[in-house]
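Trainee: My structure file start.txt, compact mmCIF, C-alpha atoms, is below:
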# COMPACT_ATOMS: atom_id res chain seq x y z
CA MET A 1 95.68 166.52 111.13
CA ALA A 2 93.66 164.04 113.18
CA SER A 3 92.48 162.23 110.06
CA GLY A 4 96.10 161.87 108.91
CA PHE A 5 97.10 160.43 112.29
CA PHE A 6 94.27 157.86 112.18
CA ALA A 7 95.18 157.00 108.59
CA ILE A 8 98.72 156.20 109.76
CA LEU A 9 97.32 154.05 112.58
CA ASP A 10 95.12 152.24 110.05
CA ASP A 11 98.15 151.57 107.82
CA VAL A 12 100.14 150.29 110.80
CA ALA A 13 97.25 148.01 111.85
CA ALA A 14 96.95 146.67 108.29
CA LEU A 15 100.72 146.05 108.17
CA LEU A 16 100.60 144.21 111.51
CA ASP A 17 97.72 142.06 110.25
CA ASP A 18 99.71 141.20 107.13
CA VAL A 19 102.81 140.43 109.20
CA ALA A 20 100.81 138.17 111.55
CA ALA A 21 99.18 136.27 108.67
CA MET A 22 102.42 135.88 106.70
CA SER A 23 104.38 134.94 109.84
CA LYS A 24 101.90 132.10 110.39
CA ILE A 25 102.41 130.86 106.82
CA ALA A 26 106.20 131.21 107.05
CA THR A 27 106.29 129.37 110.38
CA LYS A 28 104.35 126.47 108.83
CA LYS A 29 106.84 126.38 105.95
CA THR A 30 109.78 126.16 108.37
CA ALA A 31 108.08 123.64 110.71
CA GLY A 32 110.06 120.72 109.30
CA ILE A 33 113.42 122.33 109.96
CA LEU A 34 112.23 123.49 113.39
CA GLY A 35 111.42 119.83 114.14
CA ASP A 36 114.92 118.77 113.13
CA ASP A 37 116.42 121.71 115.05
CA LEU A 38 114.44 120.57 118.10
CA ALA A 39 115.62 116.96 117.76
CA VAL A 40 119.27 117.92 117.23
CA ASN A 41 119.41 120.34 120.15
CA ALA A 42 117.51 118.04 122.51
CA GLU A 43 120.16 115.41 121.78
CA LYS A 44 123.09 117.85 122.16
CA ALA A 45 121.75 119.45 125.36
CA SER A 46 121.21 116.10 127.10
CA GLY A 47 123.88 113.94 128.71
CA PHE A 48 125.29 116.64 130.98
CA VAL A 49 125.28 116.72 134.76
CA SER A 50 121.79 117.74 135.85
CA LYS A 51 122.76 121.15 137.23
CA ARG A 52 124.67 122.00 134.02
CA GLU A 53 121.89 121.19 131.50
CA LEU A 54 120.13 124.57 131.69
CA PRO A 55 123.37 126.67 131.66
CA VAL A 56 124.54 124.70 128.60
CA LEU A 57 121.17 125.20 126.91
CA TRP A 58 121.28 128.93 127.71
CA ALA A 59 124.75 129.17 126.12
CA ILE A 60 123.47 127.41 122.97
CA SER A 61 120.39 129.68 122.91
CA LYS A 62 122.56 132.81 123.02
CA GLY A 63 124.69 131.39 120.21
CA SER A 64 121.54 130.67 118.19
CA LEU A 65 120.32 134.24 118.66
CA LEU A 66 123.72 135.58 117.56
CA ASN A 67 123.56 133.32 114.49
CA LYS A 68 120.27 134.88 113.46
CA ILE A 69 121.55 138.41 114.10
CA ILE A 70 124.38 137.64 111.64
CA ILE A 71 122.19 135.87 109.06
CA LEU A 72 119.18 138.24 108.95
CA PRO A 73 120.92 141.40 107.56
CA ILE A 74 122.71 139.33 104.90
CA ALA A 75 119.42 137.71 103.86
CA PHE A 76 117.66 141.09 103.60
CA LEU A 77 120.52 142.56 101.53
CA LEU A 78 120.29 139.60 99.14
CA SER A 79 116.53 140.04 98.93
CA ALA A 80 116.92 143.75 98.11
CA PHE A 81 119.78 143.55 95.60
CA LEU A 82 120.07 139.90 94.45
CA PRO A 83 116.63 138.30 94.87
CA TRP A 84 117.56 135.42 92.55
CA ALA A 85 120.31 134.47 95.00
CA VAL A 86 117.66 133.70 97.64
CA THR A 87 116.23 130.95 95.39
CA VAL A 88 119.71 129.58 94.64
CA ILE A 89 120.60 129.44 98.36
CA LEU A 90 117.20 127.90 99.07
CA ILE A 91 117.80 125.06 96.57
CA LEU A 92 121.39 124.51 97.75
CA GLY A 93 120.15 124.39 101.33
CA GLY A 94 117.43 121.97 100.24
CA ILE A 95 120.11 119.67 98.79
CA TYR A 96 121.96 119.79 102.11
CA LEU A 97 118.79 118.98 104.07
CA ALA A 98 117.90 116.14 101.68
CA PHE A 99 121.46 114.80 101.98
CA GLU A 100 121.26 114.91 105.78
CA GLY A 101 117.93 113.05 105.78
CA ALA A 102 119.18 110.43 103.30
CA GLU A 103 122.38 109.95 105.31
CA LYS A 104 120.38 109.25 108.49
CA ILE A 105 118.28 106.64 106.65
CA TYR A 106 121.41 105.08 105.11
CA GLU A 107 123.16 104.82 108.49
CA PHE A 108 120.06 103.23 110.02
CA PHE A 109 119.61 100.51 107.38
CA VAL A 110 123.17 99.88 106.16
CA PRO A 111 125.60 98.25 108.61
CA HIS A 112 128.71 100.35 109.22
CA GLU A 113 131.60 100.40 111.63
CA LYS A 114 131.06 102.32 114.81
CA GLU A 115 133.78 103.96 116.78
CA HIS A 116 134.46 102.20 120.07
CA ILE A 117 135.58 104.42 122.90
CA THR A 118 137.28 102.78 125.86
CA ALA A 119 135.78 103.98 129.12
CA ASP A 120 138.23 105.90 131.30
CA THR A 121 138.07 104.78 134.90
CA GLU A 122 139.65 108.01 136.18
CA PRO A 123 137.13 110.77 136.93
CA MET A 124 137.44 113.89 134.79
CA SER A 125 138.67 117.08 136.41
CA LYS A 126 136.51 120.20 136.54
CA GLU A 127 138.63 121.83 133.82
CA GLU A 128 138.25 118.79 131.53
CA ILE A 129 134.48 118.71 132.05
CA LEU A 130 134.18 122.43 131.24
CA ALA A 131 136.39 122.01 128.15
CA LEU A 132 134.23 119.10 126.91
CA GLU A 133 131.10 121.13 127.63
CA LYS A 134 132.50 124.09 125.67
CA THR A 135 133.29 121.83 122.70
CA LYS A 136 129.74 120.41 122.64
CA VAL A 137 128.25 123.91 122.89
CA LYS A 138 130.36 125.08 119.92
CA SER A 139 129.27 122.02 117.91
CA ALA A 140 125.61 122.73 118.69
CA ILE A 141 125.95 126.39 117.69
CA VAL A 142 127.60 125.47 114.35
CA THR A 143 124.75 123.02 113.60
CA ASP A 144 122.24 125.69 114.59
CA PHE A 145 123.91 128.16 112.20
CA ILE A 146 123.32 125.85 109.22
CA LEU A 147 119.71 125.21 110.23
CA SER A 148 119.16 128.92 110.94
CA ILE A 149 120.23 129.81 107.39
CA GLU A 150 117.56 127.46 106.05
CA ILE A 151 114.89 128.75 108.45
CA VAL A 152 115.59 132.36 107.47
CA ILE A 153 115.82 131.66 103.73
CA ILE A 154 112.63 129.54 103.67
CA ALA A 155 110.76 132.21 105.65
CA LEU A 156 112.13 134.87 103.30
CA GLY A 157 111.09 132.81 100.28
CA THR A 158 107.44 132.96 101.41
CA VAL A 159 107.46 136.80 101.40
CA ILE A 160 110.02 137.48 98.67
CA ASN A 161 107.47 139.40 96.59
CA GLU A 162 106.35 141.59 99.51
CA PRO A 163 107.76 145.05 100.39
CA LEU A 164 111.10 145.01 102.24
CA VAL A 165 109.51 146.28 105.49
CA THR A 166 107.11 143.31 105.49
CA GLN A 167 109.96 140.93 104.73
CA ILE A 168 112.02 142.23 107.65
CA ALA A 169 109.08 142.04 110.07
CA VAL A 170 107.91 138.55 109.05
CA VAL A 171 111.33 136.91 108.88
CA SER A 172 112.43 138.50 112.18
CA VAL A 173 109.28 137.18 113.89
CA VAL A 174 109.91 133.68 112.53
CA ALA A 175 113.56 133.84 113.65
CA LEU A 176 112.54 134.83 117.19
CA ILE A 177 109.88 132.08 117.31
CA ALA A 178 112.48 129.58 116.08
CA THR A 179 114.91 130.53 118.85
CA ALA A 180 112.52 130.98 121.79
CA GLY A 181 110.16 128.15 120.79
CA VAL A 182 112.75 125.49 119.98
CA TYR A 183 114.99 126.10 122.97
CA GLY A 184 112.05 126.53 125.34
CA ILE A 185 110.74 123.10 124.33
CA VAL A 186 114.24 121.61 124.50
CA ALA A 187 114.57 122.93 128.06
CA LEU A 188 111.35 121.13 129.02
CA ILE A 189 112.50 117.91 127.34
CA VAL A 190 115.97 117.73 128.89
CA ARG A 191 114.53 118.43 132.35
CA MET A 192 111.83 115.77 131.97
CA ASP A 193 113.82 113.12 133.83
CA GLU A 194 114.75 115.57 136.60
CA PHE A 195 111.11 116.49 137.08
CA GLY A 196 110.22 112.79 137.09
CA THR A 197 112.82 112.09 139.78
CA SER A 198 111.40 114.93 141.90
CA LEU A 199 107.94 113.37 141.63
CA ILE A 200 109.30 109.97 142.69
CA ASN A 201 110.94 111.54 145.74
CA LEU A 202 107.87 113.63 146.54
CA ASN A 203 106.65 111.24 149.25
CA GLU A 204 107.72 108.06 151.03
CA GLU A 205 104.99 105.84 149.56
CA ASP A 206 106.20 103.04 147.28
CA ASN A 207 103.70 103.09 144.43
CA SER A 208 101.87 106.40 144.62
CA VAL A 209 100.46 108.33 141.65
CA SER A 210 103.45 110.69 141.72
CA ASP A 211 105.81 107.68 141.61
CA LYS A 212 104.06 106.28 138.52
CA ILE A 213 104.10 109.63 136.71
CA GLY A 214 107.73 110.17 137.71
CA ARG A 215 108.86 106.77 136.44
CA PHE A 216 106.93 107.36 133.21
CA LEU A 217 108.72 110.70 132.63
CA VAL A 218 112.16 109.25 133.41
CA GLY A 219 111.59 106.31 131.05
CA ALA A 220 110.03 108.47 128.35
CA LEU A 221 112.97 110.86 127.88
CA PRO A 222 115.19 108.63 125.66
CA LYS A 223 112.13 107.53 123.67
CA VAL A 224 111.08 111.16 123.12
CA ILE A 225 114.54 112.09 121.85
CA LYS A 226 114.62 109.02 119.55
CA SER A 227 111.14 109.75 118.18
CA LEU A 228 112.11 113.38 117.56
CA THR A 229 115.08 112.11 115.53
CA VAL A 230 112.76 109.98 113.34
CA ILE A 231 110.25 112.82 112.92
CA GLY A 232 113.09 115.23 112.17
CA THR A 233 114.47 112.91 109.46
CA LEU A 234 111.08 112.64 107.72
CA ALA A 235 110.63 116.40 108.07
CA LEU A 236 114.02 117.03 106.44
CA LEU A 237 112.99 115.06 103.36
CA LEU A 238 109.54 116.70 103.18
CA VAL A 239 110.91 120.23 103.61
CA SER A 240 113.72 119.73 101.10
CA GLY A 241 111.32 118.05 98.66
CA GLY A 242 108.92 120.97 99.03
CA ILE A 243 111.77 123.36 98.20
CA PHE A 244 112.61 121.41 95.01
CA VAL A 245 109.00 120.95 93.87
CA HIS A 246 108.04 124.61 94.37
CA ASN A 247 111.20 126.09 92.84
CA ILE A 248 112.00 123.69 89.97
CA ASP A 249 109.33 123.69 87.24
CA PHE A 250 110.22 120.21 85.96
CA LEU A 251 109.52 118.64 89.37
CA HIS A 252 106.47 120.82 89.96
CA HIS A 253 104.68 119.35 86.94
CA LEU A 254 106.23 115.86 87.04
CA LEU A 255 103.40 113.92 88.79
CA PRO A 256 100.30 116.13 88.71
CA ASP A 257 97.87 113.37 89.80
CA VAL A 258 99.92 112.24 92.85
CA PRO A 259 99.30 113.97 96.24
CA SER A 260 101.83 116.76 96.77
CA ILE A 261 103.12 115.38 100.08
CA ILE A 262 104.17 112.12 98.37
CA VAL A 263 105.80 113.99 95.48
CA GLU A 264 107.71 116.21 97.92
CA PHE A 265 108.86 113.23 100.00
CA LEU A 266 110.01 111.30 96.90
CA ALA A 267 111.81 114.37 95.51
CA GLY A 268 113.63 114.89 98.81
CA LEU A 269 114.49 111.19 99.09
CA VAL A 270 115.79 110.78 95.53
CA ILE A 271 117.83 114.00 95.46
CA GLY A 272 119.08 113.28 98.97
CA PHE A 273 120.42 109.85 97.97
CA LEU A 274 121.92 111.26 94.77
CA ALA A 275 123.76 113.86 96.89
CA LEU A 276 124.82 111.10 99.32
CA VAL A 277 126.21 108.90 96.51
CA LEU A 278 128.08 111.90 95.05
CA PHE A 279 129.48 112.80 98.48
CA LYS A 280 130.70 109.25 99.14
CA ALA A 281 132.24 109.01 95.66
CA ILE A 282 134.16 112.29 96.15
CA LYS A 283 135.20 111.21 99.66
CA LYS A 284 136.50 107.87 98.34
CA LEU A 285 138.33 109.66 95.51
CA PHE A 286 140.11 111.99 97.92
CA LYS A 287 141.04 109.04 100.17
CA LYS A 288 142.77 107.37 97.22
Spell out the structure here as structure tokens.
Mentor:
Amino acid sequence: MASGFFAILDDVAALLDDVAAMSKIATKKTAGILGDDLAVNAEKASGFVSKRELPVLWAISKGSLLNKIIILPIAFLLSAFLPWAVTVILILGGIYLAFEGAEKIYEFFVPHEKEHITADTEPMSKEEILALEKTKVKSAIVTDFILSIEIVIIALGTVINEPLVTQIAVVSVVALIATAGVYGIVALIVRMDEFGTSLINLNEEDNSVSDKIGRFLVGALPKVIKSLTVIGTLALLLVSGGIFVHNIDFLHHLLPDVPSIIVEFLAGLVIGFLALVLFKAIKKLFKK
């Protein structure tokens, strides 16, 4: 009886070790999308009145958690009954990520018309501010849903050949890390300027150490968000390229002597721009 109990404990310990090791690998695989998720949400959660930033971020976090609660069971059912569908969704998601990365590069280098919004001199009412806030939260949650699908599918792709119990444990861990980690870091980023202002007002001296640190933090916030956008764009192309190279045999053996990171970046870039050209052609066709 005792030996059976200890055998069960040994099996559980071995399973937990496997889950921990595979969760680490799966988290590395999803790091690129997590970077983009971080950049997108840092941008969407900023620009509010200071006291509303954290409530808005909490609302987006709850929406993100709900997204994953919806996505996870569907992903596990596909893995159990239609495992080939996981690869198909993975490649389709990779095309979307590559398209998004290529579109950001295109918009940066190619001049295009920007929408000009006339500033309204009348202050917004409380109801209007809350309505605008609600709209931005919904937009952030929709974007998170798309990214969450990719995070879950990529994590699932790393353990697709493992038993279902291991798949559920690993992917659930990655999903929780994605939610808690990303939104925890976003909370720190969007409050950076507020913390800097507090340091500046900490004492009445003009050029104290706290003043210098505070001014640095206030000035660094927009640069941090912009740099996250650049890093997120590169990560989108690398992640999508990795999906194509590892799941399409032709691309996997195309340039065997070239470092894999370059092959993955080029694959993501080329397929992303092909998807962008196709999208613009279809858009122009429907306009006509």
Trainee: Using all atoms listed in the file, which residues of segment 156-262 of chain A come within 12 Å of segment 129-146 of chain A, and what is the closest atom pair for each, with the distance in Å to one decimal? Give it as CSV, sorted by chain and residue number.
Mentor:
residue,atom,partner,partner_atom,distance
A:Ala175,CA,A:Phe145,CA,11.9
A:Ala178,CA,A:Asp144,CA,10.6
A:Thr179,CA,A:Asp144,CA,9.8
A:Val182,CA,A:Asp144,CA,10.9
A:Tyr183,CA,A:Asp144,CA,11.1
Trainee: Could you write those residues out with C-alpha atoms, as a PDB file, keeping the file's coordinate frame?
Mentor:
ATOM      1  CA  ALA A 175     113.560 133.840 113.650  1.00  0.00           C
ATOM      2  CA  ALA A 178     112.480 129.580 116.080  1.00  0.00           C
ATOM      3  CA  THR A 179     114.910 130.530 118.850  1.00  0.00           C
ATOM      4  CA  VAL A 182     112.750 125.490 119.980  1.00  0.00           C
ATOM      5  CA  TYR A 183     114.990 126.100 122.970  1.00  0.00           C
TER       6      TYR A 183
END
Trainee: Using all atoms listed in the file, find each residue in segment 162-218 of chain A having at least one atom no more than 9 Å away from segment 48-72 of chain A; report its shortest atom-to-atom pair and that distance in Å (one decimal), rows by chain then rising number, as CSV.
Mentor:
residue,atom,partner,partner_atom,distance
A:Ile168,CA,A:Leu72,CA,8.3
A:Val171,CA,A:Leu72,CA,8.0
A:Ser172,CA,A:Leu72,CA,7.5
A:Ala175,CA,A:Lys68,CA,6.8
A:Leu176,CA,A:Leu65,CA,7.9
A:Thr179,CA,A:Leu65,CA,6.6
A:Ala180,CA,A:Ser61,CA,8.1
A:Tyr183,CA,A:Ser61,CA,6.5
A:Val186,CA,A:Leu57,CA,8.2
A:Ala187,CA,A:Leu54,CA,6.8
A:Val190,CA,A:Glu53,CA,7.3
A:Arg191,CA,A:Glu53,CA,7.9
A:Glu194,CA,A:Ser50,CA,7.4
Trainee: With all atoms listed in the file as the basis for distance, which of A:Thr229, A:Phe216, A:Phe286, A:His253 is at the shortest distance from Gly101 of chain A?
Mentor: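 Looking at the shortest contact to Gly101 of chain A, the residue is A:Thr229.
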Trainee: Taking (112.4, 106.5, 130.7) in the file's coordinates, which residues come within 12 Å, counting only C-alpha atoms, written as a ChimeraX atom specification?
Mentor: /A:189-190,192-197,212-226
Trainee: Restricted to C-alpha atoms, what would the selected residues look like written as a PDB file, in the frame of the given file?
Mentor:
ATOM      1  CA  ILE A 189     112.500 117.910 127.340  1.00  0.00           C
ATOM      2  CA  VAL A 190     115.970 117.730 128.890  1.00  0.00           C
ATOM      3  CA  MET A 192     111.830 115.770 131.970  1.00  0.00           C
ATOM      4  CA  ASP A 193     113.820 113.120 133.830  1.00  0.00           C
ATOM      5  CA  GLU A 194     114.750 115.570 136.600  1.00  0.00           C
ATOM      6  CA  PHE A 195     111.110 116.490 137.080  1.00  0.00           C
ATOM      7  CA  GLY A 196     110.220 112.790 137.090  1.00  0.00           C
ATOM      8  CA  THR A 197     112.820 112.090 139.780  1.00  0.00           C
ATOM      9  CA  LYS A 212     104.060 106.280 138.520  1.00  0.00           C
ATOM     10  CA  ILE A 213     104.100 109.630 136.710  1.00  0.00           C
ATOM     11  CA  GLY A 214     107.730 110.170 137.710  1.00  0.00           C
ATOM     12  CA  ARG A 215     108.860 106.770 136.440  1.00  0.00           C
ATOM     13  CA  PHE A 216     106.930 107.360 133.210  1.00  0.00           C
ATOM     14  CA  LEU A 217     108.720 110.700 132.630  1.00  0.00           C
ATOM     15  CA  VAL A 218     112.160 109.250 133.410  1.00  0.00           C
ATOM     16  CA  GLY A 219     111.590 106.310 131.050  1.00  0.00           C
ATOM     17  CA  ALA A 220     110.030 108.470 128.350  1.00  0.00           C
ATOM     18  CA  LEU A 221     112.970 110.860 127.880  1.00  0.00           C
ATOM     19  CA  PRO A 222     115.190 108.630 125.660  1.00  0.00           C
ATOM     20  CA  LYS A 223     112.130 107.530 123.670  1.00  0.00           C
ATOM     21  CA  VAL A 224     111.080 111.160 123.120  1.00  0.00           C
ATOM     22  CA  ILE A 225     114.540 112.090 121.850  1.00  0.00           C
ATOM     23  CA  LYS A 226     114.620 109.020 119.550  1.00  0.00           C
TER      24      LYS A 226
END
Trainee: I'd like a table as JSON lines: residues in segment 80-99 of chain A with an atom no more than 10 Å from segment 241-245 of chain A, each row giving the shortest atom pair and its distance in Å to one decimal, all atoms listed in the file counted, sorted by chain and rising residue number.
Mentor:
{"residue": "A:Thr87", "atom": "CA", "partner": "A:Ile243", "partner_atom": "CA", "distance": 9.2}
{"residue": "A:Leu90", "atom": "CA", "partner": "A:Ile243", "partner_atom": "CA", "distance": 7.1}
{"residue": "A:Ile91", "atom": "CA", "partner": "A:Ile243", "partner_atom": "CA", "distance": 6.5}
{"residue": "A:Leu92", "atom": "CA", "partner": "A:Ile243", "partner_atom": "CA", "distance": 9.7}
{"residue": "A:Gly93", "atom": "CA", "partner": "A:Ile243", "partner_atom": "CA", "distance": 9.0}
{"residue": "A:Gly94", "atom": "CA", "partner": "A:Ile243", "partner_atom": "CA", "distance": 6.2}
{"residue": "A:Ile95", "atom": "CA", "partner": "A:Phe244", "partner_atom": "CA", "distance": 8.6}
{"residue": "A:Leu97", "atom": "CA", "partner": "A:Gly241", "partner_atom": "CA", "distance": 9.3}
{"residue": "A:Ala98", "atom": "CA", "partner": "A:Gly241", "partner_atom": "CA", "distance": 7.5}
Trainee: To one decimal in Å, tell me the separation between atom CA of Pro111 of chain A and atom CA of Ser240 of chain A.
Mentor: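 Computed distance, atom CA of Pro111 of chain A to atom CA of Ser240 of chain A, equals 25.7 Å.
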Trainee: Is it possible to get the axis-aligned box enclosing segment 200-210 of chain A (all listed atoms, 5 Å extra per side) as AutoDock Vina command-line options, with centre and edge lengths in Å rounded to one decimal?
Mentor:
--center_x 105.7 --center_y 108.3 --center_z 146.3 --size_x 20.5 --size_y 20.6 --size_z 19.4
Trainee: Between atom CA of Tyr96 of chain A and atom CA of Val263 of chain A, what is the spacing in Å?
Mentor: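 Between atom CA of Val263 of chain A and atom CA of Tyr96 of chain A the gap works out to 18.4 Å.
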Trainee: Any idea what the distance is between atom CA of Val174 of chain A and atom CA of His252 of chain A?
Mentor: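 Interatomic distance, atom CA of Val174 of chain A to atom CA of His252 of chain A: 26.2 Å.
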